[in-house]
Amino acid sequence: MAAIIVVLSVLAIVGLSLWYLVRPQPLLVQGEADATRVDIAARIDGRVGRRPVSRGDNITAGQLLVAIDNPELLTKLKEAEAARIVAQADFTRIQVGTRAEEVAERKAAVASAQANLTLAQQTYDRVKQVTEGGFEPVAKLDDATASLDVATRTLEQARLAYQEAVAGHTAEERGVAKAAVAKAEAAIATLQAQVDEMTVKAPIAAQVYQVGVEVGEYVSPGVPLLSLVDLSDVWVHFDLREDLVKGLKVGDRFTIKIPALGDMPITVEVRTIATRGEYAGWRATRATGDFDLRTFEVRAYPVDKLPDLRPGMSAYADWNGVH
């Protein structure tokens with residue numbers, strides 16, 4: 001009996017040793033949870049007047065994040081609005097046309113010029129007759145001739161001015177006035193868009209991750225104000241060598257464990273596999289002619305929502321078990 005027990009013990013030890021030697025070694029791959037991050041930057045310059053949110057606050061879409069004070073920009077907007085009023089008034093004036101009083105004034109000027117021309121013509125006729133009789137010098141006739149010519153030109157100018165008043169403004173003048181109104185409105189729209197950027201609002205519902213400015217600080221366009229993290233869009237990414245990515249495709253599911261959540265098994269689904277390897281993880285693949293293996297990013301999303309999963313948590317999976 002003792003011999004049988006010894007033989008069975010030796011056989012068990014040998015069997016276990018062979019099983020440990022033959023079974024595949026576990027290959028653990030480590031990943032990290034990540035989420036969509038939105039960096040909010042200023043589009044205008046000014047001082048931070050209000051910042052009603054702090055780091056760690058949960059915010060809703062459209063909620064006020066930062067209010068920027070810029071009095072100069074508001075003044076420019078008022079100037080542009082005043083310029084639009086002037087342009088609109090000028091356009092209305094041109095559309096209405098010449099006032100009736102102005103037309104009557106031009107008509108009276110024509111009548112006055114006509115009377116002056118008649119008088120100048122009569123004076124010229126008398127001086128010419130007297131000069132031909134030798135009773136007046138030729139210089140007198142020259143003066144009468146010049147006066148007649150001036151009266152003629154004055155009447156012509158008065159008639160042209162009267163015709164212009166009756167016809168009103170030209171189509172080109174109306175077009176220029178209309179373009180001036182459009183230009184003023186465009187300037188207001190541009191400044192109004194900049195004024196709207198003085199209040200920075202949240203584009204999505206998220207959580208405030210980082211705050212880069214304090215109340216009273218001066219900011220310029222492009223300066224980061226704060227960062228948001230969308231906790232409703234959390235995934236786990238793995239950086240896998242290309243030999244480990246072999247056979248993996250979008251839609252595959254496998255199980256991972258997250259230490260921060262008590263190593264609870266979590267099923268994830270592959271949604272993204274990088275189109276191109278970003279960097280090289282060196283590993284000898286042949287005894288001769290060694291070369292590097294590229295690393296590909298793989299994003300896997302939990303099949304079931306995990307409210308406690310947060311960016312930065314580590315995750316691992318037994319890759320031999322996956323395959």
# chains A, B, ... in the order shown; residues from 1 in each chain; ligands from 1

call {"tool": "residues_around", "arguments": {"residues": "Ala300 of chain A", "least_positions_apart": "3", "cutoff": "8 Å", "atoms": "only C-alpha atoms", "output": "PyMOL selection string"}}
result
chain A and resi 235-237+268-272

call {"tool": "write_last_selection", "arguments": {"atoms": "C-alpha atoms", "output": "compact mmCIF listing (two decimals), in the first residue's frame"}}
result
# COMPACT_ATOMS: atom_id res chain seq x y z
CA TRP A 235 -13.89 53.99 -23.34
CA VAL A 236 -10.85 51.83 -22.63
CA HIS A 237 -7.90 52.08 -24.98
CA VAL A 268 -16.21 45.52 -23.79
CA GLU A 269 -16.72 45.84 -27.53
CA VAL A 270 -14.10 46.99 -30.00
CA ARG A 271 -15.24 50.14 -31.78
CA THR A 272 -12.03 51.53 -33.24

call {"tool": "residues_around", "arguments": {"residues": "Val130 of chain A", "least_positions_apart": "6", "cutoff": "12 Å", "atoms": "only C-alpha atoms", "output": "VMD selection string"}}
result
chain A and resid 123 to 124 136 to 138 140 to 141 144

call {"tool": "select_by_dssp", "arguments": {"residues": "segment 118-268 of chain A", "states": "alpha helix (DSSP H)", "output": "ChimeraX atom specification"}}
result
/A:118-132,138-167,171-196,242-245

call {"tool": "select_by_dssp", "arguments": {"residues": "segment 172-317 of chain A", "states": "strand (DSSP E or B)", "output": "PyMOL selection string"}}
result
chain A and resi 199-201+206-211+218-219+224-241+253-258+264-273+279-281+293-302+314-317

call {"tool": "residues_around", "arguments": {"residues": "Leu148 of chain A", "least_positions_apart": "6", "cutoff": "9 Å", "atoms": "only C-alpha atoms", "output": "JSON, numbers by chain"}}
result
{"A": [116, 117, 118, 119, 120, 121, 123, 124]}

call {"tool": "write_last_selection", "arguments": {"atoms": "N, CA and C atoms", "output": "short mmCIF file (atom, residue, chain, number, x, y, z; two decimals), in the first residue's frame"}}
result
data_model
loop_
_atom_site.label_atom_id
_atom_site.label_comp_id
_atom_site.auth_asym_id
_atom_site.auth_seq_id
_atom_site.Cartn_x
_atom_site.Cartn_y
_atom_site.Cartn_z
N ASN A 116 -33.53 137.74 -66.61
CA ASN A 116 -32.22 138.38 -66.75
C ASN A 116 -31.73 138.30 -68.19
N LEU A 117 -32.00 137.17 -68.84
CA LEU A 117 -31.59 137.03 -70.23
C LEU A 117 -32.36 138.02 -71.11
N THR A 118 -33.65 138.16 -70.86
CA THR A 118 -34.46 139.11 -71.65
C THR A 118 -33.92 140.53 -71.48
N LEU A 119 -33.63 140.91 -70.24
CA LEU A 119 -33.09 142.25 -69.99
C LEU A 119 -31.73 142.43 -70.66
N ALA A 120 -30.88 141.41 -70.57
CA ALA A 120 -29.55 141.50 -71.19
C ALA A 120 -29.68 141.62 -72.71
N GLN A 121 -30.65 140.90 -73.30
CA GLN A 121 -30.85 140.98 -74.75
C GLN A 121 -31.32 142.37 -75.16
N THR A 123 -30.80 145.19 -73.52
CA THR A 123 -29.68 146.12 -73.32
C THR A 123 -28.69 146.01 -74.47
N TYR A 124 -28.42 144.78 -74.88
CA TYR A 124 -27.48 144.56 -75.98
C TYR A 124 -28.01 145.20 -77.26
#

call {"tool": "residues_around", "arguments": {"residues": "segment 303-312 of chain A", "least_positions_apart": "3", "cutoff": "9 Å", "atoms": "only C-alpha atoms", "output": "list in words"}}
result
Glu32, Ala33, Asp34, Ala35, Val229, Leu231, Ser232, Val234, Trp235, Val236, Arg253, Ile258, Ala260, Leu261, Ile266, Thr267, Val268 and Glu269 of chain A

call {"tool": "closest_residue", "arguments": {"among": "A:Asn320, A:Ser227, A:Asn70, A:Ser9", "to": "Val211 of chain A", "atoms": "only C-alpha atoms"}}
result
A:Ser227
